[in-house]
file run-v4.txt (compact mmCIF, C-alpha atoms and all ligand atoms)
# COMPACT_ATOMS: atom_id res chain seq x y z
CA MET J 218 -88.30 70.79 117.14
CA ILE J 219 -88.94 67.64 119.15
CA ARG J 220 -92.18 67.48 121.11
CA THR J 221 -93.85 64.72 123.13
CA ARG J 222 -96.78 62.96 121.57
CA ILE J 223 -99.32 60.67 123.22
CA ARG J 224 -98.94 57.80 120.77
CA SER J 225 -101.62 55.63 122.43
CA ILE J 226 -103.93 55.61 125.41
CA ALA J 227 -105.84 52.80 127.14
CA HIS J 228 -107.58 51.98 130.39
CA TYR J 229 -108.66 49.09 132.54
CA VAL J 230 -111.33 49.12 135.22
CA PRO J 231 -112.24 46.14 137.41
CA GLU J 232 -115.49 44.27 136.74
CA GLN J 233 -117.18 44.79 140.07
CA VAL J 234 -119.62 47.73 139.90
CA VAL J 235 -120.50 49.27 143.28
CA THR J 236 -123.53 51.55 143.18
CA ASN J 237 -124.37 54.26 145.69
CA ASN J 238 -127.16 52.04 146.98
CA ASP J 239 -124.63 49.22 147.55
CA LEU J 240 -122.74 51.55 149.93
CA THR J 241 -125.87 52.09 152.04
CA LYS J 242 -125.38 48.49 153.28
CA TYR J 243 -122.26 49.61 155.16
CA MET J 244 -122.87 53.24 156.10
CA ASP J 245 -125.55 55.84 156.59
CA THR J 246 -125.62 57.50 153.17
CA SER J 247 -127.94 57.72 150.17
CA ASP J 248 -127.86 57.66 146.41
CA GLU J 249 -129.43 61.11 146.41
CA TRP J 250 -126.76 62.67 148.71
CA ILE J 251 -123.85 61.22 146.73
CA ARG J 252 -125.28 62.18 143.31
CA GLU J 253 -126.20 65.68 144.39
CA ARG J 254 -122.86 66.54 146.04
CA THR J 255 -120.46 64.68 143.74
CA GLY J 256 -122.25 63.51 140.58
CA ILE J 257 -121.09 59.95 141.26
CA GLU J 258 -123.55 57.15 140.46
CA GLU J 259 -121.27 54.13 140.74
CA ARG J 260 -117.61 53.13 140.97
CA ARG J 261 -115.55 49.97 140.43
CA TYR J 262 -113.79 47.93 143.11
CA ALA J 263 -110.88 45.64 142.32
CA HIS J 264 -110.89 41.99 143.41
CA LYS J 265 -109.34 41.92 146.89
CA HIS J 266 -106.73 39.24 146.23
CA GLU J 267 -106.58 38.81 142.47
CA GLU J 268 -106.10 42.43 141.41
CA THR J 269 -103.64 45.07 142.58
CA THR J 270 -102.72 48.60 141.59
CA THR J 271 -99.89 47.04 139.55
CA SER J 272 -101.95 44.30 137.92
CA MET J 273 -104.61 46.79 136.78
CA ALA J 274 -101.84 49.04 135.44
CA ALA J 275 -100.43 46.07 133.53
CA ARG J 276 -103.78 45.36 131.85
CA ALA J 277 -104.09 49.02 130.73
CA SER J 278 -100.42 49.07 129.65
CA GLU J 279 -100.76 45.94 127.50
CA ILE J 280 -103.56 47.58 125.52
CA ALA J 281 -101.66 50.89 125.24
CA ILE J 282 -98.53 49.11 124.00
CA GLU J 283 -100.53 47.18 121.41
CA ARG J 284 -102.31 50.34 120.25
CA ALA J 285 -98.95 52.09 119.88
CA GLY J 286 -97.85 49.36 117.48
CA ILE J 287 -94.74 48.61 119.52
CA THR J 288 -93.64 45.70 121.69
CA LYS J 289 -92.96 45.64 125.44
CA GLU J 290 -89.25 45.46 124.65
CA ASP J 291 -89.47 48.88 122.98
CA ILE J 292 -90.40 50.58 126.28
CA ASP J 293 -87.32 52.44 127.52
CA PHE J 294 -88.72 54.04 130.67
CA ILE J 295 -91.67 53.54 133.03
CA ILE J 296 -93.36 56.29 135.05
CA PHE J 297 -95.95 55.08 137.56
CA ALA J 298 -98.27 57.46 139.44
CA THR J 299 -100.30 56.16 142.39
CA LEU J 300 -101.22 56.86 146.00
CA SER J 301 -102.27 53.27 146.66
CA PRO J 302 -99.12 51.24 145.89
CA ASP J 303 -99.00 47.46 146.35
CA TYR J 304 -96.14 47.82 148.84
CA TYR J 305 -94.81 50.53 151.14
CA PHE J 306 -91.65 49.97 149.08
CA PRO J 307 -90.50 49.23 146.42
CA GLY J 308 -92.83 51.29 144.25
CA CYS J 309 -95.16 50.00 141.57
CA GLY J 310 -92.84 50.98 138.67
CA VAL J 311 -90.60 47.95 139.10
CA LEU J 312 -93.57 45.70 139.89
CA LEU J 313 -95.14 46.76 136.60
CA GLN J 314 -91.88 46.06 134.78
CA ARG J 315 -91.93 42.54 136.25
CA GLU J 316 -95.65 41.98 135.61
CA LEU J 317 -95.24 42.98 131.95
CA GLY J 318 -92.19 40.74 131.63
CA ILE J 319 -90.02 43.64 130.48
CA THR J 320 -86.73 42.01 131.27
CA GLN J 321 -84.28 44.47 129.70
CA THR J 322 -82.49 45.96 132.69
CA GLU J 323 -81.15 49.05 130.98
CA ILE J 324 -84.55 50.74 131.42
CA GLY J 325 -85.54 52.71 134.51
CA ALA J 326 -88.77 52.91 136.50
CA LEU J 327 -89.85 56.03 138.37
CA ASP J 328 -92.65 56.31 140.93
CA ILE J 329 -94.65 59.53 141.22
CA ARG J 330 -96.36 60.37 144.52
CA ASN J 331 -98.48 63.37 143.64
CA GLN J 332 -101.89 61.82 144.18
CA CYS J 333 -104.62 63.39 142.01
CA SER J 334 -102.00 65.41 140.10
CA GLY J 335 -99.80 62.34 139.61
CA PHE J 336 -100.59 61.82 135.94
CA VAL J 337 -100.03 65.49 135.06
CA TYR J 338 -96.76 65.51 137.01
CA GLY J 339 -95.74 62.25 135.31
CA LEU J 340 -96.54 63.62 131.86
CA SER J 341 -94.49 66.74 132.56
CA VAL J 342 -91.48 64.66 133.66
CA ALA J 343 -91.82 62.36 130.64
CA ASP J 344 -92.05 65.39 128.36
CA LYS J 345 -88.63 66.60 129.53
CA PHE J 346 -87.03 63.18 128.96
CA ILE J 347 -88.49 62.95 125.46
CA LYS J 348 -87.71 66.52 124.40
CA THR J 349 -84.09 66.07 125.43
CA GLY J 350 -83.83 62.86 123.41
CA THR J 351 -83.24 60.68 126.47
CA TYR J 352 -86.09 58.21 125.80
CA LYS J 353 -88.23 57.27 122.78
CA ASN J 354 -91.03 55.13 124.26
CA ILE J 355 -92.12 56.05 127.76
CA LEU J 356 -94.89 54.07 129.42
CA LEU J 357 -96.79 56.46 131.72
CA VAL J 358 -99.37 54.92 134.03
CA GLY J 359 -101.82 56.07 136.68
CA SER J 360 -103.46 53.33 138.73
CA GLU J 361 -105.31 53.10 142.03
CA LYS J 362 -106.79 50.44 144.26
CA HIS J 363 -108.57 52.65 146.79
CA SER J 364 -111.07 50.03 147.89
CA MET J 365 -108.54 48.34 150.19
CA GLY J 366 -107.88 51.48 152.25
CA LEU J 367 -111.28 53.08 152.86
CA ASP J 368 -113.30 53.33 156.06
CA PHE J 369 -116.67 51.70 155.36
CA ARG J 370 -118.25 52.85 158.60
CA THR J 371 -120.55 55.90 158.65
CA GLU J 372 -117.63 57.86 160.13
CA GLY J 373 -115.76 57.42 156.84
CA ARG J 374 -118.63 58.25 154.49
CA GLY J 375 -117.42 61.76 153.57
CA VAL J 376 -114.38 60.22 151.87
CA THR J 377 -115.29 56.64 151.04
CA VAL J 378 -118.22 57.35 148.70
CA ILE J 379 -115.99 59.43 146.43
CA PHE J 380 -113.22 57.00 145.49
CA GLY J 381 -113.00 54.11 143.04
CA ASP J 382 -110.44 51.77 141.48
CA GLY J 383 -108.97 51.63 137.97
CA ALA J 384 -105.97 52.26 135.74
CA GLY J 385 -105.00 54.23 132.66
CA ALA J 386 -101.81 54.03 130.60
CA CYS J 387 -100.24 55.75 127.64
CA VAL J 388 -97.20 55.43 125.42
CA LEU J 389 -95.34 58.67 124.84
CA GLN J 390 -93.07 59.21 121.85
CA PRO J 391 -91.14 62.06 120.24
CA THR J 392 -92.62 63.79 117.21
CA GLU J 393 -91.26 66.45 114.91
CA GLU J 394 -94.61 67.08 113.23
CA GLU J 395 -95.27 70.81 113.17
CA GLY J 396 -97.59 71.95 115.99
CA ARG J 397 -98.22 68.47 117.37
CA GLY J 398 -97.57 67.19 120.88
CA VAL J 399 -97.24 68.69 124.34
CA LEU J 400 -97.27 72.50 124.10
CA SER J 401 -97.01 73.44 127.77
CA THR J 402 -96.89 71.94 131.26
CA HIS J 403 -97.32 73.77 134.57
CA LEU J 404 -96.90 72.23 138.01
CA HIS J 405 -97.59 73.72 141.44
CA SER J 406 -97.69 72.72 145.08
CA ASP J 407 -98.40 74.18 148.52
CA GLY J 408 -97.77 71.95 151.51
CA THR J 409 -99.58 74.24 153.97
CA HIS J 410 -102.62 71.97 154.03
CA ALA J 411 -100.84 68.64 153.60
CA GLU J 412 -102.92 66.89 156.27
CA GLU J 413 -106.29 68.17 155.01
CA LEU J 414 -106.44 65.52 152.29
CA ALA J 415 -104.21 62.73 153.43
CA MET J 416 -103.71 59.20 154.57
CA ILE J 417 -101.29 59.71 157.44
CA ASN J 418 -100.89 56.13 158.65
CA PRO J 419 -99.03 53.91 158.22
CA GLY J 420 -96.06 56.26 158.08
CA SER J 421 -92.76 57.07 159.67
CA HIS J 422 -93.95 60.37 161.20
CA GLY J 423 -94.05 59.07 164.79
CA GLY J 424 -96.47 61.87 165.66
CA TYR J 425 -93.99 64.61 164.61
CA HIS J 426 -96.48 66.74 162.68
CA ASN J 427 -99.42 66.30 165.05
CA ALA J 428 -98.16 66.30 168.62
CA ASP J 429 -101.75 66.73 169.87
CA VAL J 430 -102.93 63.47 168.28
CA ASP J 431 -102.46 60.24 170.24
CA TYR J 432 -101.40 57.61 167.71
CA GLY J 433 -100.72 55.07 170.45
CA TYR J 434 -96.94 55.00 170.16
CA PRO J 435 -95.54 53.24 173.22
CA ASP J 436 -92.55 55.59 173.38
CA PRO J 437 -91.80 58.02 170.52
CA GLN J 438 -88.18 58.35 171.74
CA VAL J 439 -87.35 54.70 171.06
CA PRO J 440 -85.56 54.29 167.70
CA GLY J 441 -87.12 51.83 165.29
CA GLU J 442 -90.68 52.84 166.26
CA ILE J 443 -93.37 50.77 164.55
CA PHE J 444 -95.41 52.15 161.66
CA VAL J 445 -98.76 50.76 162.80
CA THR J 446 -99.86 50.77 166.44
CA PRO J 447 -102.75 48.77 167.91
CA LYS J 448 -104.50 52.12 168.59
CA MET J 449 -104.36 53.01 164.88
CA MET J 450 -106.09 49.71 164.08
CA LYS J 451 -108.67 50.02 166.85
CA ASP J 452 -109.51 53.68 166.15
CA TYR J 453 -109.63 53.38 162.33
CA MET J 454 -106.65 55.70 161.91
CA LEU J 455 -105.52 53.79 158.81
CA ALA J 456 -107.91 55.49 156.39
CA PRO J 457 -107.78 58.71 154.36
CA ASN J 458 -109.22 61.92 155.77
CA MET J 459 -110.36 65.01 153.91
CA THR J 460 -111.58 68.48 154.82
CA GLY J 461 -114.02 68.48 151.93
CA GLN J 462 -115.01 72.14 151.87
CA LEU J 463 -111.40 73.41 151.94
CA VAL J 464 -110.50 71.01 149.13
CA PHE J 465 -113.52 72.16 147.14
CA LYS J 466 -112.83 75.88 147.60
CA THR J 467 -109.14 75.59 146.74
CA ALA J 468 -109.77 73.32 143.75
CA VAL J 469 -112.25 75.66 142.06
CA THR J 470 -109.66 78.46 142.24
CA LYS J 471 -106.54 76.50 141.26
CA PHE J 472 -108.03 74.57 138.31
CA PRO J 473 -108.93 77.66 136.23
CA GLU J 474 -105.71 79.46 137.30
CA VAL J 475 -103.39 76.71 136.10
CA ILE J 476 -105.35 76.17 132.88
CA GLN J 477 -105.14 79.91 132.16
CA GLU J 478 -101.39 79.77 132.81
CA GLY J 479 -101.03 77.23 129.98
CA LEU J 480 -103.25 79.27 127.66
CA ASN J 481 -101.25 82.44 128.37
CA GLU J 482 -97.94 80.72 127.68
CA THR J 483 -99.10 79.30 124.38
CA GLY J 484 -101.01 82.40 123.28
CA LEU J 485 -104.28 80.47 123.11
CA ASN J 486 -107.79 81.11 124.47
CA SER J 487 -110.22 78.85 126.28
CA THR J 488 -112.35 78.97 123.10
CA ASP J 489 -109.46 77.16 121.32
CA ILE J 490 -109.74 74.13 123.63
CA ASP J 491 -111.36 71.21 121.82
CA LEU J 492 -111.54 69.06 124.94
CA LEU J 493 -110.79 69.77 128.57
CA ILE J 494 -110.21 66.57 130.55
CA PRO J 495 -110.15 67.62 134.19
CA HIS J 496 -109.12 65.27 136.96
CA GLN J 497 -112.40 63.64 137.98
CA ALA J 498 -112.56 64.95 141.55
CA ASN J 499 -116.20 65.93 141.69
CA LEU J 500 -118.75 66.79 138.99
CA ARG J 501 -119.53 70.07 140.76
CA ILE J 502 -115.86 71.08 140.64
CA SER J 503 -115.76 70.31 136.89
CA ALA J 504 -118.94 72.37 136.39
CA PHE J 505 -117.40 75.34 138.24
CA VAL J 506 -114.26 75.16 136.11
CA GLN J 507 -116.29 74.87 132.91
CA LYS J 508 -118.34 77.94 133.84
CA ARG J 509 -115.29 79.97 134.89
CA LEU J 510 -113.59 79.28 131.55
CA GLY J 511 -116.80 79.78 129.57
CA LEU J 512 -116.65 76.32 127.96
CA ARG J 513 -119.54 74.54 126.26
CA ASP J 514 -120.64 71.07 127.44
CA ASP J 515 -119.00 69.43 124.41
CA GLN J 516 -115.63 70.99 125.35
CA VAL J 517 -115.44 69.15 128.69
CA PHE J 518 -115.21 65.40 129.28
CA ASN J 519 -116.47 63.87 132.53
CA ASN J 520 -116.94 60.23 133.50
CA ILE J 521 -116.86 60.46 137.30
CA GLN J 522 -120.50 59.33 137.21
CA LYS J 523 -119.32 55.77 136.36
CA TYR J 524 -115.99 55.47 138.15
CA GLY J 525 -115.89 57.95 141.04
CA ASN J 526 -112.60 59.65 141.74
CA THR J 527 -109.77 57.34 140.70
CA THR J 528 -107.04 59.83 141.67
CA ALA J 529 -103.90 59.33 139.51
CA ALA J 530 -105.88 57.11 137.12
CA SER J 531 -108.75 59.50 136.50
CA ILE J 532 -107.24 61.59 133.69
CA PRO J 533 -105.86 58.66 131.64
CA ILE J 534 -109.11 56.68 132.10
CA ALA J 535 -111.12 59.70 130.97
CA MET J 536 -108.75 60.42 128.06
CA SER J 537 -108.93 56.80 126.95
CA GLU J 538 -112.74 56.78 127.05
CA ALA J 539 -112.93 60.11 125.23
CA PHE J 540 -110.62 58.72 122.55
CA GLU J 541 -112.64 55.50 122.22
CA GLN J 542 -115.83 57.55 121.87
CA GLY J 543 -114.31 59.56 118.99
CA LYS J 544 -114.18 62.75 121.05
CA ILE J 545 -110.45 63.25 120.44
CA LYS J 546 -109.29 63.67 116.86
CA ASP J 547 -105.99 64.42 115.18
CA GLY J 548 -105.06 68.07 115.60
CA ASP J 549 -107.41 68.67 118.57
CA LEU J 550 -106.23 70.96 121.37
CA ILE J 551 -106.52 68.91 124.57
CA CYS J 552 -106.19 70.39 128.02
CA LEU J 553 -105.50 68.19 131.06
CA ALA J 554 -105.75 69.69 134.53
CA ALA J 555 -105.57 68.31 138.04
CA PHE J 556 -105.77 69.33 141.67
CA GLY J 557 -105.45 67.24 144.79
CA SER J 558 -103.72 66.16 147.96
CA GLY J 559 -100.58 68.06 148.86
CA PHE J 560 -102.04 70.36 147.73
CA THR J 561 -100.60 69.85 144.26
CA TRP J 562 -102.03 70.98 140.94
CA GLY J 563 -101.02 71.29 137.32
CA SER J 564 -102.04 71.48 133.68
CA VAL J 565 -100.90 70.21 130.30
CA LEU J 566 -101.89 71.61 126.92
CA LEU J 567 -101.26 69.35 123.97
CA ARG J 568 -102.12 69.12 120.30
CA TRP J 569 -103.25 65.49 119.57
C1 LIG H 601 -116.94 65.91 150.17
C2 LIG H 601 -118.06 66.84 149.80
C3 LIG H 601 -118.92 66.19 148.71
C4 LIG H 601 -118.92 67.07 151.03
O1 LIG H 601 -119.94 67.98 150.72
P1 LIG H 601 -120.25 69.16 151.73
O2 LIG H 601 -121.39 69.89 151.18
O3 LIG H 601 -118.99 69.92 151.93
O4 LIG H 601 -120.68 68.37 153.01
P2 LIG H 601 -120.11 68.47 154.49
O5 LIG H 601 -118.81 67.78 154.59
O6 LIG H 601 -120.22 69.88 154.97
O7 LIG H 601 -121.18 67.61 155.22
C5 LIG H 601 -122.57 68.00 155.22
C6 LIG H 601 -123.33 66.92 155.95
O8 LIG H 601 -123.37 65.73 155.12
C7 LIG H 601 -122.91 64.62 155.89
N1 LIG H 601 -122.26 63.67 155.00
C8 LIG H 601 -120.96 63.60 154.65
N2 LIG H 601 -120.77 62.58 153.81
C9 LIG H 601 -121.98 62.00 153.61
C10 LIG H 601 -122.42 60.91 152.85
N3 LIG H 601 -121.59 60.18 152.10
N4 LIG H 601 -123.73 60.60 152.88
C11 LIG H 601 -124.59 61.31 153.62
N5 LIG H 601 -124.23 62.36 154.37
C12 LIG H 601 -122.94 62.69 154.37
C13 LIG H 601 -121.97 65.21 156.92
O9 LIG H 601 -121.84 64.35 158.02
C14 LIG H 601 -122.68 66.50 157.26
O10 LIG H 601 -123.71 66.21 158.16
P3 LIG H 601 -124.08 67.24 159.36
O11 LIG H 601 -124.48 68.51 158.65
O12 LIG H 601 -125.17 66.54 160.06
O13 LIG H 601 -122.80 67.38 160.12
C15 LIG H 601 -117.56 68.22 149.28
O14 LIG H 601 -116.97 68.94 150.35
C16 LIG H 601 -116.57 68.07 148.20
O15 LIG H 601 -116.94 67.68 147.11
N6 LIG H 601 -115.31 68.42 148.44
C17 LIG H 601 -114.26 68.22 147.49
C18 LIG H 601 -113.87 66.79 147.55
C19 LIG H 601 -112.95 66.37 146.45
O16 LIG H 601 -113.11 66.76 145.35
N7 LIG H 601 -111.99 65.55 146.80
C20 LIG H 601 -111.07 65.05 145.90
C21 LIG H 601 -110.05 66.06 145.62
S1 LIG H 601 -108.92 65.47 144.51
call {"tool": "encode", "arguments": {"input": "run-v4.txt", "output": "structure tokens"}}
result
Amino acid sequence: MIRTRIRSIAHYVPEQVVTNNDLTKYMDTSDEWIRERTGIEERRYAHKHEETTTSMAARASEIAIERAGITKEDIDFIIFATLSPDYYFPGCGVLLQRELGITQTEIGALDIRNQCSGFVYGLSVADKFIKTGTYKNILLVGSEKHSMGLDFRTEGRGVTVIFGDGAGACVLQPTEEEGRGVLSTHLHSDGTHAEELAMINPGSHGGYHNADVDYGYPDPQVPGEIFVTPKMMKDYMLAPNMTGQLVFKTAVTKFPEVIQEGLNETGLNSTDIDLLIPHQANLRISAFVQKRLGLRDDQVFNNIQKYGNTTAASIPIAMSEAFEQGKIKDGDLICLAAFGSGFTWGSVLLRW
């Protein structure tokens, strides 16, 4: 039976460390508030002009490809998850192909837009391609450059303090080794609360979903309406917004549910999990999930303290660090789980 194996994992984070105290220069916040509510101590910000979501992904990918013992030419498909792409279009998949110098045109590149669940969604899609024998070396990447799109005024503090930049990448291959590889994947979504954790502008919505909000469109009936209006710029409408408490409440329910779904399907128990790597949304959310599943501290890996929430990059960055620290060994049962904007959520159970 063919299963999907994570052959290698790697990450790249930008050099610039931004502490909670650094943020107090721009907004009314404090190290104490951020640590207490989120567990975050610092995050990384990419260089404004010299680093992009794609370039960070390329650095992580180069290491992953080397660790897999293959060459760039062996990659037969790229899957790129991000919510902070370099361009409105085309997506980062083709930009990564170009940045890596992968010139063979028979490969494809797919962009995943599932925010915090992007890596889990991407891994599930890759798993299907590998199991069916379509591809043999898939490069799966999650990368984010949030620092360019945050509101650094006090009005934006509820969101801005949480997010950071970085990238993680892995090479996925087929394996026929008994019991090894991806055992289950589960994906879910519910668009009811789409705007409660969202960056709405720039977009093509033209006010369609929120008739009561004045986006400053000169005339919504005119075809070819512009994406960005002067009002959006003036009123800081080009930044993410989040209803934090709704996100928190939903996340602490959906994380354990979707993990349990994987355990039920595979006939395993939470006690069988060697390492749970949850999307690094908030240390308090991870603690809730850990408690609900009855896991010990050594069964859960968190690094949000150092990087903040890096959305699609958070799981591969955490997995890469856990691997480098010797916390993932051959044969370990690894559980990945994510929840985020959409809302979307999902889990993957795999035997390393
Ligand atoms: C964002 C979050 C930390 C906010 O914590 P909270 O306890 O819900 O706080 P609230 O939003 O109710 O705000 C409480 C107060 O803190 C203030 N506040 C918000 N952000 C602040 C900051 N960075 N620094 C200082 N004060 C802040 C608010 O203005 C509010 O003040 P008020 O009582 O005077 O109005 C919390 O809701 C959360 O973790 N949600 C989930 C977020 C998440 O995981 N997102 C990613 C999902 S993938």
call {"tool": "closest_residue", "arguments": {"input": "run-v4.txt", "among": "J:Ala281, J:Val469, J:Leu510, J:Ile417", "to": "ligand LIG 601 (chain H)", "atoms": "all atoms listed in the file"}}
result
J:Val469
call {"tool": "residues_near_ligand", "arguments": {"input": "run-v4.txt", "ligand": "ligand LIG 601 (chain H)", "cutoff": "6 Å", "atoms": "all atoms listed in the file", "output": "ChimeraX atom specification"}}
result
/J:246-247,250-251,254-255,333,374-375,378,461-462,464-465,498-499,556-557
call {"tool": "closest_residue", "arguments": {"input": "run-v4.txt", "among": "J:Ser334, J:Asp452, J:Arg397, J:Glu316", "to": "J:Glu372", "atoms": "all atoms listed in the file"}}
result
J:Asp452
call {"tool": "residues_around", "arguments": {"input": "run-v4.txt", "residues": "J:Tyr432", "least_positions_apart": "2", "cutoff": "8 Å", "atoms": "all atoms listed in the file", "output": "list of chain:residue names"}}
result
J:Gly424, J:Val430, J:Tyr434, J:Thr446, J:Lys448, J:Met449
call {"tool": "closest_residue", "arguments": {"input": "run-v4.txt", "among": "J:Gln542, J:Ser360, J:Gln314, J:Gln522", "to": "J:Tyr229", "atoms": "only C-alpha atoms"}}
result
J:Ser360
call {"tool": "residues_around", "arguments": {"input": "run-v4.txt", "residues": "J:Val230", "least_positions_apart": "3", "cutoff": "7 Å", "atoms": "all atoms listed in the file", "output": "JSON, numbers by chain"}}
result
{"J": [261, 382, 383, 384]}
call {"tool": "write_last_selection", "arguments": {"input": "run-v4.txt", "atoms": "C-alpha atoms", "output": "mmCIF file, in the coordinates of the input"}}
result
data_model
loop_
_atom_site.group_PDB
_atom_site.id
_atom_site.type_symbol
_atom_site.label_atom_id
_atom_site.label_comp_id
_atom_site.auth_asym_id
_atom_site.auth_seq_id
_atom_site.Cartn_x
_atom_site.Cartn_y
_atom_site.Cartn_z
ATOM 1 C CA ARG J 261 -115.550 49.970 140.430
ATOM 2 C CA ASP J 382 -110.440 51.770 141.480
ATOM 3 C CA GLY J 383 -108.970 51.630 137.970
ATOM 4 C CA ALA J 384 -105.970 52.260 135.740
#
call {"tool": "closest_residue", "arguments": {"input": "run-v4.txt", "among": "J:Met454, J:Leu389, J:Met416, J:Met218", "to": "J:Thr349", "atoms": "only C-alpha atoms"}}
result
J:Met218
call {"tool": "atom_distance", "arguments": {"input": "run-v4.txt", "atom1": "atom CA of J:Phe380", "atom2": "atom CA of J:Thr528"}}
result
7.8 Å
call {"tool": "residues_around", "arguments": {"input": "run-v4.txt", "residues": "J:Leu357", "least_positions_apart": "6", "cutoff": "6 Å", "atoms": "all atoms listed in the file", "output": "NGL selection string"}}
result
:J and (296 or 386-387)
call {"tool": "atom_distance", "arguments": {"input": "run-v4.txt", "atom1": "atom CA of J:Leu356", "atom2": "atom CA of J:Thr299"}}
result
14.2 Å
call {"tool": "closest_residue", "arguments": {"input": "run-v4.txt", "among": "J:Met536, J:Ala415, J:Val235, J:Leu550", "to": "J:Gly381", "atoms": "all atoms listed in the file"}}
result
J:Val235
call {"tool": "atom_distance", "arguments": {"input": "run-v4.txt", "atom1": "atom CA of J:Ala326", "atom2": "atom CA of J:His405"}}
result
23.1 Å
call {"tool": "closest_residue", "arguments": {"input": "run-v4.txt", "among": "J:Glu393, J:Asp368, J:Glu413, J:Asp245", "to": "J:Met450", "atoms": "only C-alpha atoms"}}
result
J:Asp368
call {"tool": "residues_around", "arguments": {"input": "run-v4.txt", "residues": "J:Glu442", "least_positions_apart": "2", "cutoff": "12 Å", "atoms": "only C-alpha atoms", "output": "MDAnalysis selection string"}}
result
chainID J and resid 419:424 432:440 444:446
call {"tool": "write_last_selection", "arguments": {"input": "run-v4.txt", "atoms": "C-alpha atoms", "output": "PDB file, in the frame of the given file"}}
result
ATOM      1  CA  PRO J 419     -99.030  53.910 158.220  1.00  0.00           C
ATOM      2  CA  GLY J 420     -96.060  56.260 158.080  1.00  0.00           C
ATOM      3  CA  SER J 421     -92.760  57.070 159.670  1.00  0.00           C
ATOM      4  CA  HIS J 422     -93.950  60.370 161.200  1.00  0.00           C
ATOM      5  CA  GLY J 423     -94.050  59.070 164.790  1.00  0.00           C
ATOM      6  CA  GLY J 424     -96.470  61.870 165.660  1.00  0.00           C
ATOM      7  CA  TYR J 432    -101.400  57.610 167.710  1.00  0.00           C
ATOM      8  CA  GLY J 433    -100.720  55.070 170.450  1.00  0.00           C
ATOM      9  CA  TYR J 434     -96.940  55.000 170.160  1.00  0.00           C
ATOM     10  CA  PRO J 435     -95.540  53.240 173.220  1.00  0.00           C
ATOM     11  CA  ASP J 436     -92.550  55.590 173.380  1.00  0.00           C
ATOM     12  CA  PRO J 437     -91.800  58.020 170.520  1.00  0.00           C
ATOM     13  CA  GLN J 438     -88.180  58.350 171.740  1.00  0.00           C
ATOM     14  CA  VAL J 439     -87.350  54.700 171.060  1.00  0.00           C
ATOM     15  CA  PRO J 440     -85.560  54.290 167.700  1.00  0.00           C
ATOM     16  CA  PHE J 444     -95.410  52.150 161.660  1.00  0.00           C
ATOM     17  CA  VAL J 445     -98.760  50.760 162.800  1.00  0.00           C
ATOM     18  CA  THR J 446     -99.860  50.770 166.440  1.00  0.00           C
TER      19      THR J 446
END
call {"tool": "residues_around", "arguments": {"input": "run-v4.txt", "residues": "J:Ala555", "least_positions_apart": "2", "cutoff": "8 Å", "atoms": "only C-alpha atoms", "output": "VMD selection string"}}
result
chain J and resid 333 to 334 337 472 495 to 496 553 557 562 to 564
call {"tool": "build_atoms", "arguments": {"input": "run-v4.txt", "residues": "stretch 432-442 of chain J", "atoms": "N, CA and C atoms", "output": "mmCIF file, in the coordinates of the input"}}
result
data_model
loop_
_atom_site.group_PDB
_atom_site.id
_atom_site.type_symbol
_atom_site.label_atom_id
_atom_site.label_comp_id
_atom_site.auth_asym_id
_atom_site.auth_seq_id
_atom_site.Cartn_x
_atom_site.Cartn_y
_atom_site.Cartn_z
ATOM 1 N N TYR J 432 -101.423 58.722 168.672
ATOM 2 C CA TYR J 432 -101.400 57.610 167.710
ATOM 3 C C TYR J 432 -101.147 56.268 168.407
ATOM 4 N N GLY J 433 -100.916 56.318 169.704
ATOM 5 C CA GLY J 433 -100.720 55.070 170.450
ATOM 6 C C GLY J 433 -99.302 54.566 170.442
ATOM 7 N N TYR J 434 -98.337 55.455 170.127
ATOM 8 C CA TYR J 434 -96.940 55.000 170.160
ATOM 9 C C TYR J 434 -96.533 54.707 171.602
ATOM 10 N N PRO J 435 -95.922 53.557 171.855
ATOM 11 C CA PRO J 435 -95.540 53.240 173.220
ATOM 12 C C PRO J 435 -94.512 54.241 173.764
ATOM 13 N N ASP J 436 -93.527 54.585 172.940
ATOM 14 C CA ASP J 436 -92.550 55.590 173.380
ATOM 15 C C ASP J 436 -91.902 56.198 172.143
ATOM 16 N N PRO J 437 -92.313 57.424 171.762
ATOM 17 C CA PRO J 437 -91.800 58.020 170.520
ATOM 18 C C PRO J 437 -90.289 58.217 170.520
ATOM 19 N N GLN J 438 -89.629 58.144 171.689
ATOM 20 C CA GLN J 438 -88.180 58.350 171.740
ATOM 21 C C GLN J 438 -87.391 57.098 171.356
ATOM 22 N N VAL J 439 -88.066 55.950 171.340
ATOM 23 C CA VAL J 439 -87.350 54.700 171.060
ATOM 24 C C VAL J 439 -87.085 54.587 169.558
ATOM 25 N N PRO J 440 -85.824 54.432 169.153
ATOM 26 C CA PRO J 440 -85.560 54.290 167.700
ATOM 27 C C PRO J 440 -86.220 53.013 167.176
ATOM 28 N N GLY J 441 -86.517 53.022 165.891
ATOM 29 C CA GLY J 441 -87.120 51.830 165.290
ATOM 30 C C GLY J 441 -88.589 51.693 165.658
ATOM 31 N N GLU J 442 -89.247 52.837 165.913
ATOM 32 C CA GLU J 442 -90.680 52.840 166.260
ATOM 33 C C GLU J 442 -91.501 52.174 165.157
#
